[in-house]
Each structure stands twice: as structure tokens, then as C-alpha cells.
Amino acid sequence: MPIGASSVTVRDGSGGSPDPGRPDGPDGRRRSWTTAWTAALALLPLGLLAAAAVLGRYVRPSADEWCFLPQVRDHGIAGMIEQFYVTDNGRIANGLLVGLYAKFPIGGHQWYPLISGVVMLGVLWALTAQLVRRAGLAVPRGVNLLVAAMMAAVFLFATPNTYKTFFWPAASVSHTLAPVLACAAVIPLLRARSRAGRIAALAAVLFAGVFMGTLSEEVSVVALVVLGGVVLVAGAVFVERVRPFVRLWALAGMAGVAIGTVLLMTSPGSRHRRSRYGADTTYMLAPDSLLASLRLYVRILETVLTTWQYAGAVAAGVILGLLARRREDTGPTRVLLPCRPLALLSFGALAFLVSGYLCTVITYPVFRERVLSTERTWNDYLLLLVLLLVAGGAFLGRALRIRTARTADGGTARVRYTPRTAFVAVAAVSAAVCAVSVAGLAGPLYELGHDMRVRAQKWDRQDRWLREQAADGVRVAPYTPVSVSSMLEPFGGNGARPWPARCVAEYYHLDRVTYGTSLP
């Protein structure tokens, strides 16, 4: 039966069967038990997220941030935005977000993982809850939080380089936080019930589009692919009364992205960046570049699709599908049609594959073969994969729970629920997969935490020494590279790559720093 389909059903005594997942038993004990075990399971990914937030205290500046800090210190957030627009890359919103955390030098870097983690979890939680409600379904307390926490955990920590995708603020704001913020624009749409709500949803998606267009080219590409798909398939997903508005909403979002992209592409900073890397449109669309991008994208997919921890997202979706039940008060609040899982998942898979390839196409001229090792850019489209995996799991869970048959004349539907023993077994296996997935993510995070702690100790020792040298009037001092997770540092490659040594000298009020081979 299509999920959430409306039909006349017959249960016990007429060929049907009792619902094993219904949480409202006569004495409420089943409801309490379901809430208890889902909440307990949610503590696992939430604990992982909390541990990562705690590790944020060991984050220290590196790579581009050496240049951001003195710029914000001397010229403020407005100066950072100006540098991005005029010199660096044209990303106005990127400059704003970088300026917001760089305004509080070391503290801003340390608090960023906690703040961004809370924001991303909150957005995914609200999005999950609204999607479930608008599908005309309800789930026990704790289930939406469990699904959101699992999505956040696998999205942030299942990548090959968690430091660059989560702990490095400069990359996170444009490649990890950005796609989640884009999802936030969907929430006003799902909540819109009045004329004022619809106007607010249009304004929100238009603003979000402009913001994304000046924050991340790759996320803008993903947004255009998804919004374009919404315009095309709205008739198969949304009820008739909301389809015109949904299409208008999607077109408003696309218009916002287009406006933001024009602002970015016509900026002096973007022209300078394209000139520096030789990344003009002609080269990007050349056959050799397109084929190379396809080859590299296939290798990226091999890495992603063989990362077994993503199974946790599927398992969380299965639990959602198992425990979801039809709301009694659907009425006008329902905007999603009874969906055909295969068609919806096919659209989602196509959107993921197309947007991922296009993201690779636009990053290849800058990174070339290093697209394979620039994992932070993968997150621009990997959130779409995580959402797709959860949706697939939800459809699977619903199918495992419910069987529908019709009478010979095609009349009354007979709902047959999975026997309770099988229901419990599927729920237990799914919970176990979630737990194992979290454990699989916890090991690498623990090792990364150790490396971050060691690096922070060395960084702090050198930081104190350089400040003392500057206070004593020294104008030239040695700097020893202190890296973590392949992050760039001044004098990398045994001194062969000096960048960003000039920014380090500016940060410490020195004339110059030289290559040091040992820590002070």
C-alpha cells in the first residue's frame, strides 16, 4: 500500500490483523515503552555529537584562517566581507559567516563545532517532524529526534576527513553548514497554512536562495537541481490544492539562487579566482574536463557507497516507518500525496547523482585530481544522499509493517499488519544497526580527538612563544608547522610551501616568519 494512502480498512475479524506498532495500548504501557527505547537509542548519536562538540576546545586556526584572523581584527566583519567580494572569491555570505566566528579569534573556532552542531541538529529535527506531520502521520516521542540525530551523525562523521568537514570552520560554513541551512528554507513551506504563512515561505526561500548563491556555488547547484525537480514532479508528490503554490515556491527559490549566483559570478573576487586557477567556463565545459569529472565522481561514489556507517541512516528510517501511524486529524494539514516509494526514491536518486556530478564539474577546474582528496566539497551533495537513505528506510519499514489486500471486486482494502514477533525483530535489528553505526563513527572520532589534543598543546606552546617574541621587539621569528588531518600549515612539505606564512607574521605583528624545524 502506498505510504499514508487513504482507504477504507478492515481489521480483526474481517481478514485484517492488529497493528503491532500502535503505541497506545489499553494501559499506556506500550506507548511508554516505545518512547523509552527510542529515546534511549537517540542518546547514542546525540552522545557522539556532544563528544564532538567537546572536542571543539582543541580546534586551533590553520590554513586560510591565518589570513582571516588579522583581517577581521584590523577591519572587522565588514572588512572580511569586502575581502571575499573584492579579492578572494566573491562569496559575500561566506565572508559574513567567517567574520562572525573570526571576530572571536580562538574562542570562535572552539565554539563553532558546538554552535553549528546544534543548528544542524535543530534544523534536521524540525524538518523531520514537519515532513512526518505533513504526510498525515504521527510517531511516538523521541523518534523524530532519533532520526535527526542519526542523520547529523552520519552526515558529519562518516566522511573520510571529519576535521575538514566539521571542525574546520572555514570549510564547514560553505560545505557542511550550507546544505543544512538550505534545508531550513523548506520548514516555512511545510508550516504554511494561511496567506501570511505562504508569503513568509516565499520570502524565506527567496532570501535563502540569494544567501546560498553568495555562500556556496556547489550548494547552489544542488538547490537548483532539487527545486527544478520539485517543479516537474509536484503533481506526483503534493495534493492538488497546494501544487500551484509549491511550484511558485520552488521557482522563487530558483530565482533567489540565480540572483545570488549573478552577484557572485560578477564580483571582482570571483573573476580573480577564476583567473588565478584558469577555471573559466570554457575549460569547465570542455569534453576532457567533463570526462575527467565523471571519472573522478565515480571514484567518489565508490568511496561513499562503500562506507558502511551510512547504514545507520537507513536503519533510523526503518524505525520511523515501523512506528509511524496515520494521524486522526489529517484533514487540510496534509499536503503530501500517498506516495509511490519507487518513483519518489528514483527521483531522489537521480537528483543526487546529477547534482553530485555537476558539483564535481564546477570544482574540477580548481582542484583537478585533488577533487578526490578534497572531501569537504563532497558534503555539498551528501546531505541529499543521507535524506534519501532515511526515506528509503522509512518506506522499507512501512512496507514491512503493513500489507494491504483488496476484495475481488477492488473495493474495501484489508490491512494486514506484520505479526508482533516479526515487528519486534525488525525493530531490534534496526536499533542494533544504529548502535553499531554510531560505534563505527566513534572510533575514528576518538582518534581524531587525540590528534587534535596533541596539536592544540603544541600550537598553544608556539603561540605563547611567538607572542613573547613580538612583545620583546623581535621582528623575525621561526614558525614550525603544526598540522592535523592533512590541514595546510605555513612551510608545508618540509618548508617547500610557505603559504600562509605572511598571514602568520601579520597575526603576531611580526615582519616575517621563517621555517622552523622544532618547537620552542
# chains A, B, ... in the order shown; residues from 1 in each chain; ligands from 1
call {"tool": "residues_around", "arguments": {"residues": "Arg271 of chain A", "least_positions_apart": "5", "cutoff": "10 Å", "atoms": "only C-alpha atoms", "output": "NGL selection string"}}
result
:A and (86-90 or 264-266 or 276 or 279-280)
call {"tool": "residues_around", "arguments": {"residues": "segment 215-224 of chain A", "least_positions_apart": "3", "cutoff": "7 Å", "atoms": "only C-alpha atoms", "output": "PyMOL selection string"}}
result
chain A and resi 91-94+174+178-179+211-212+227-228+254+257+355+359+380-381
call {"tool": "atom_distance", "arguments": {"atom1": "atom CA of Ala316 of chain A", "atom2": "atom CA of Val433 of chain A"}}
result
8.6 Å
call {"tool": "select_by_dssp", "arguments": {"residues": "segment 143-355 of chain A", "states": "alpha helix (DSSP H)", "output": "MDAnalysis selection string"}}
result
chainID A and resid 143:157 162 169:175 177:184 186:191 195:213 217:237 243:265 268:277 281:284 287:305 311:323 341:355
call {"tool": "closest_residue", "arguments": {"among": "A:Glu328, A:Arg340, A:Ala394, A:Trp168", "to": "Gly136 of chain A", "atoms": "only C-alpha atoms"}}
result
A:Glu328
call {"tool": "residues_around", "arguments": {"residues": "Gln130 of chain A", "least_positions_apart": "5", "cutoff": "10 Å", "atoms": "only C-alpha atoms", "output": "ChimeraX atom specification"}}
result
/A:124-125,135-137,144,186-191
call {"tool": "closest_residue", "arguments": {"among": "A:Leu49, A:Gly253, A:Gly493, A:Asp460", "to": "Val205 of chain A", "atoms": "only C-alpha atoms"}}
result
A:Gly253
call {"tool": "closest_residue", "arguments": {"among": "A:Ile81, A:Leu323, A:Leu372, A:Ala399", "to": "Thr38 of chain A", "atoms": "only C-alpha atoms"}}
result
A:Leu323
call {"tool": "residues_around", "arguments": {"residues": "Ser486 of chain A", "least_positions_apart": "4", "cutoff": "12 Å", "atoms": "only C-alpha atoms", "output": "ChimeraX atom specification"}}
result
/A:62-63,160-164,168,373-375,448,451-452,481-482,492-493
call {"tool": "write_last_selection", "arguments": {"atoms": "N, CA and C atoms", "output": "PDB file, in the first residue's frame"}}
result
ATOM      1  N   SER A  62      44.163  27.384  11.277  1.00  0.00           N
ATOM      2  CA  SER A  62      45.089  26.793  10.320  1.00  0.00           C
ATOM      3  C   SER A  62      44.674  27.243   8.919  1.00  0.00           C
ATOM      4  N   ALA A  63      45.538  27.000   7.942  1.00  0.00           N
ATOM      5  CA  ALA A  63      45.255  27.292   6.536  1.00  0.00           C
ATOM      6  C   ALA A  63      44.730  28.727   6.357  1.00  0.00           C
ATOM      7  N   PRO A 160      35.588  10.842   4.951  1.00  0.00           N
ATOM      8  CA  PRO A 160      36.974  10.422   5.169  1.00  0.00           C
ATOM      9  C   PRO A 160      37.791  11.395   6.016  1.00  0.00           C
ATOM     10  N   ASN A 161      37.391  12.669   6.060  1.00  0.00           N
ATOM     11  CA  ASN A 161      38.152  13.647   6.838  1.00  0.00           C
ATOM     12  C   ASN A 161      37.194  14.505   7.652  1.00  0.00           C
ATOM     13  N   THR A 162      36.861  14.022   8.840  1.00  0.00           N
ATOM     14  CA  THR A 162      35.884  14.711   9.687  1.00  0.00           C
ATOM     15  C   THR A 162      36.371  16.078  10.127  1.00  0.00           C
ATOM     16  N   TYR A 163      37.688  16.224  10.299  1.00  0.00           N
ATOM     17  CA  TYR A 163      38.185  17.523  10.752  1.00  0.00           C
ATOM     18  C   TYR A 163      37.834  18.613   9.743  1.00  0.00           C
ATOM     19  N   LYS A 164      38.054  18.339   8.471  1.00  0.00           N
ATOM     20  CA  LYS A 164      37.812  19.362   7.457  1.00  0.00           C
ATOM     21  C   LYS A 164      36.331  19.607   7.221  1.00  0.00           C
ATOM     22  N   TRP A 168      36.770  22.281  10.975  1.00  0.00           N
ATOM     23  CA  TRP A 168      37.418  23.405  10.309  1.00  0.00           C
ATOM     24  C   TRP A 168      36.351  24.409   9.903  1.00  0.00           C
ATOM     25  N   SER A 373      40.638  14.081  -2.928  1.00  0.00           N
ATOM     26  CA  SER A 373      41.113  14.274  -1.552  1.00  0.00           C
ATOM     27  C   SER A 373      40.544  15.535  -0.914  1.00  0.00           C
ATOM     28  N   THR A 374      39.718  16.280  -1.644  1.00  0.00           N
ATOM     29  CA  THR A 374      39.069  17.476  -1.081  1.00  0.00           C
ATOM     30  C   THR A 374      37.684  17.062  -0.600  1.00  0.00           C
ATOM     31  N   GLU A 375      37.668  16.236   0.440  1.00  0.00           N
ATOM     32  CA  GLU A 375      36.410  15.619   0.889  1.00  0.00           C
ATOM     33  C   GLU A 375      35.384  16.619   1.377  1.00  0.00           C
ATOM     34  N   LEU A 448      40.764  11.021  16.182  1.00  0.00           N
ATOM     35  CA  LEU A 448      40.909  12.409  15.752  1.00  0.00           C
ATOM     36  C   LEU A 448      41.006  13.333  16.957  1.00  0.00           C
ATOM     37  N   ASP A 451      44.516  13.375  18.219  1.00  0.00           N
ATOM     38  CA  ASP A 451      45.394  14.170  17.358  1.00  0.00           C
ATOM     39  C   ASP A 451      45.143  15.663  17.552  1.00  0.00           C
ATOM     40  N   MET A 452      43.882  16.043  17.704  1.00  0.00           N
ATOM     41  CA  MET A 452      43.558  17.446  17.918  1.00  0.00           C
ATOM     42  C   MET A 452      44.113  17.941  19.248  1.00  0.00           C
ATOM     43  N   PRO A 481      55.660  24.172  11.467  1.00  0.00           N
ATOM     44  CA  PRO A 481      54.320  23.707  11.090  1.00  0.00           C
ATOM     45  C   PRO A 481      53.765  22.707  12.099  1.00  0.00           C
ATOM     46  N   VAL A 482      52.501  22.905  12.477  1.00  0.00           N
ATOM     47  CA  VAL A 482      51.807  22.001  13.389  1.00  0.00           C
ATOM     48  C   VAL A 482      50.459  21.686  12.752  1.00  0.00           C
ATOM     49  N   GLY A 492      54.639  23.988   4.682  1.00  0.00           N
ATOM     50  CA  GLY A 492      54.353  22.574   4.495  1.00  0.00           C
ATOM     51  C   GLY A 492      55.323  21.955   3.503  1.00  0.00           C
ATOM     52  N   GLY A 493      55.345  20.638   3.474  1.00  0.00           N
ATOM     53  CA  GLY A 493      56.276  19.944   2.579  1.00  0.00           C
ATOM     54  C   GLY A 493      57.713  20.215   2.923  1.00  0.00           C
TER      55      GLY A 493
END
call {"tool": "closest_residue", "arguments": {"among": "A:Gln457, A:Ser194, A:Thr306, A:Ser289", "to": "Val366 of chain A", "atoms": "only C-alpha atoms"}}
result
A:Ser289
call {"tool": "residues_around", "arguments": {"residues": "Arg57 of chain A", "least_positions_apart": "2", "cutoff": "9 Å", "atoms": "only C-alpha atoms", "output": "ChimeraX atom specification"}}
result
/A:53-55,59-60,107,109-111,113,453,456
call {"tool": "write_last_selection", "arguments": {"atoms": "C-alpha atoms", "output": "PDB file, in the first residue's frame"}}
result
ATOM      1  CA  ALA A  53      31.256  19.442  20.409  1.00  0.00           C
ATOM      2  CA  VAL A  54      33.507  18.948  23.442  1.00  0.00           C
ATOM      3  CA  LEU A  55      36.455  18.237  21.154  1.00  0.00           C
ATOM      4  CA  VAL A  59      40.385  23.460  17.447  1.00  0.00           C
ATOM      5  CA  ARG A  60      43.047  25.987  16.509  1.00  0.00           C
ATOM      6  CA  GLY A 107      37.174  31.173  21.070  1.00  0.00           C
ATOM      7  CA  HIS A 109      36.995  28.422  16.445  1.00  0.00           C
ATOM      8  CA  GLN A 110      36.404  26.441  19.637  1.00  0.00           C
ATOM      9  CA  TRP A 111      32.718  27.281  19.926  1.00  0.00           C
ATOM     10  CA  PRO A 113      31.534  22.976  16.386  1.00  0.00           C
ATOM     11  CA  ARG A 453      44.563  17.484  21.586  1.00  0.00           C
ATOM     12  CA  ALA A 456      46.423  22.103  20.401  1.00  0.00           C
TER      13      ALA A 456
END
call {"tool": "atom_distance", "arguments": {"atom1": "atom CA of Arg73 of chain A", "atom2": "atom CA of Gln469 of chain A"}}
result
19.9 Å
call {"tool": "decode", "arguments": {"residues": "segment 292-379 of chain A", "atoms": "C-alpha atoms", "output": "mmCIF file, in the first residue's frame"}}
result
data_model
loop_
_atom_site.group_PDB
_atom_site.id
_atom_site.type_symbol
_atom_site.label_atom_id
_atom_site.label_comp_id
_atom_site.auth_asym_id
_atom_site.auth_seq_id
_atom_site.Cartn_x
_atom_site.Cartn_y
_atom_site.Cartn_z
ATOM 1 C CA ALA A 292 37.656 13.719 -16.082
ATOM 2 C CA SER A 293 34.959 14.999 -13.720
ATOM 3 C CA LEU A 294 32.821 11.932 -14.443
ATOM 4 C CA ARG A 295 35.741 9.586 -13.808
ATOM 5 C CA LEU A 296 36.558 11.248 -10.502
ATOM 6 C CA TYR A 297 32.897 11.398 -9.468
ATOM 7 C CA VAL A 298 32.570 7.641 -9.994
ATOM 8 C CA ARG A 299 35.551 7.127 -7.687
ATOM 9 C CA ILE A 300 33.979 9.426 -5.093
ATOM 10 C CA LEU A 301 30.782 7.383 -5.276
ATOM 11 C CA GLU A 302 32.807 4.202 -4.762
ATOM 12 C CA THR A 303 34.188 5.657 -1.538
ATOM 13 C CA VAL A 304 30.837 6.959 -0.297
ATOM 14 C CA LEU A 305 28.723 3.936 -1.177
ATOM 15 C CA THR A 306 31.184 1.549 0.466
ATOM 16 C CA THR A 307 31.148 3.498 3.741
ATOM 17 C CA TRP A 308 29.082 1.086 5.820
ATOM 18 C CA GLN A 309 28.269 3.581 8.574
ATOM 19 C CA TYR A 310 25.643 5.130 6.292
ATOM 20 C CA ALA A 311 23.564 2.055 7.108
ATOM 21 C CA GLY A 312 22.674 3.852 10.336
ATOM 22 C CA ALA A 313 20.609 6.362 8.342
ATOM 23 C CA VAL A 314 18.694 3.545 6.651
ATOM 24 C CA ALA A 315 18.084 1.837 9.998
ATOM 25 C CA ALA A 316 16.760 5.056 11.540
ATOM 26 C CA GLY A 317 14.398 5.377 8.587
ATOM 27 C CA VAL A 318 13.181 1.806 9.089
ATOM 28 C CA ILE A 319 12.352 2.594 12.722
ATOM 29 C CA LEU A 320 10.473 5.695 11.570
ATOM 30 C CA GLY A 321 8.457 3.653 9.068
ATOM 31 C CA LEU A 322 7.728 0.919 11.577
ATOM 32 C CA LEU A 323 6.396 3.265 14.236
ATOM 33 C CA ALA A 324 4.562 5.800 12.049
ATOM 34 C CA ARG A 325 0.774 5.623 12.096
ATOM 35 C CA ARG A 326 -1.956 7.625 10.455
ATOM 36 C CA ARG A 327 -2.978 10.805 12.228
ATOM 37 C CA GLU A 328 -6.597 11.138 13.205
ATOM 38 C CA ASP A 329 -6.665 14.853 12.322
ATOM 39 C CA THR A 330 -5.055 14.896 8.871
ATOM 40 C CA GLY A 331 -7.693 16.976 7.049
ATOM 41 C CA PRO A 332 -6.318 20.170 5.455
ATOM 42 C CA THR A 333 -2.982 19.837 7.275
ATOM 43 C CA ARG A 334 -1.921 17.116 4.873
ATOM 44 C CA VAL A 335 -0.054 18.320 1.778
ATOM 45 C CA LEU A 336 1.761 15.169 0.642
ATOM 46 C CA LEU A 337 0.015 12.617 -1.531
ATOM 47 C CA PRO A 338 0.092 8.912 -0.721
ATOM 48 C CA CYS A 339 3.439 8.386 -2.375
ATOM 49 C CA ARG A 340 4.777 5.628 -4.555
ATOM 50 C CA PRO A 341 8.094 4.758 -2.920
ATOM 51 C CA LEU A 342 9.846 3.562 -6.068
ATOM 52 C CA ALA A 343 9.004 6.697 -8.048
ATOM 53 C CA LEU A 344 9.946 9.053 -5.213
ATOM 54 C CA LEU A 345 13.215 7.266 -4.471
ATOM 55 C CA SER A 346 14.068 7.202 -8.173
ATOM 56 C CA PHE A 347 13.632 10.972 -8.334
ATOM 57 C CA GLY A 348 15.757 11.415 -5.219
ATOM 58 C CA ALA A 349 18.497 9.166 -6.558
ATOM 59 C CA LEU A 350 18.530 10.981 -9.876
ATOM 60 C CA ALA A 351 18.719 14.374 -8.134
ATOM 61 C CA PHE A 352 21.632 13.134 -6.009
ATOM 62 C CA LEU A 353 23.573 11.683 -8.932
ATOM 63 C CA VAL A 354 23.049 14.689 -11.200
ATOM 64 C CA SER A 355 23.809 17.306 -8.540
ATOM 65 C CA GLY A 356 26.866 15.395 -7.331
ATOM 66 C CA TYR A 357 28.276 15.194 -10.844
ATOM 67 C CA LEU A 358 27.606 18.880 -11.513
ATOM 68 C CA CYS A 359 29.338 19.798 -8.256
ATOM 69 C CA THR A 360 32.357 17.791 -9.380
ATOM 70 C CA VAL A 361 32.283 19.545 -12.761
ATOM 71 C CA ILE A 362 32.490 23.015 -11.206
ATOM 72 C CA THR A 363 35.154 22.063 -8.649
ATOM 73 C CA TYR A 364 37.396 20.129 -11.053
ATOM 74 C CA PRO A 365 38.936 23.220 -12.753
ATOM 75 C CA VAL A 366 40.173 24.409 -9.343
ATOM 76 C CA PHE A 367 41.216 21.147 -7.677
ATOM 77 C CA ARG A 368 41.791 18.854 -10.684
ATOM 78 C CA GLU A 369 42.729 15.365 -9.449
ATOM 79 C CA ARG A 370 42.663 16.636 -5.860
ATOM 80 C CA VAL A 371 38.858 16.539 -6.020
ATOM 81 C CA LEU A 372 39.295 13.015 -4.639
ATOM 82 C CA SER A 373 41.113 14.274 -1.552
ATOM 83 C CA THR A 374 39.069 17.476 -1.081
ATOM 84 C CA GLU A 375 36.410 15.619 0.889
ATOM 85 C CA ARG A 376 34.911 18.764 2.352
ATOM 86 C CA THR A 377 33.324 19.586 -1.024
ATOM 87 C CA TRP A 378 31.509 16.239 -1.077
ATOM 88 C CA ASN A 379 29.222 17.357 1.735
#
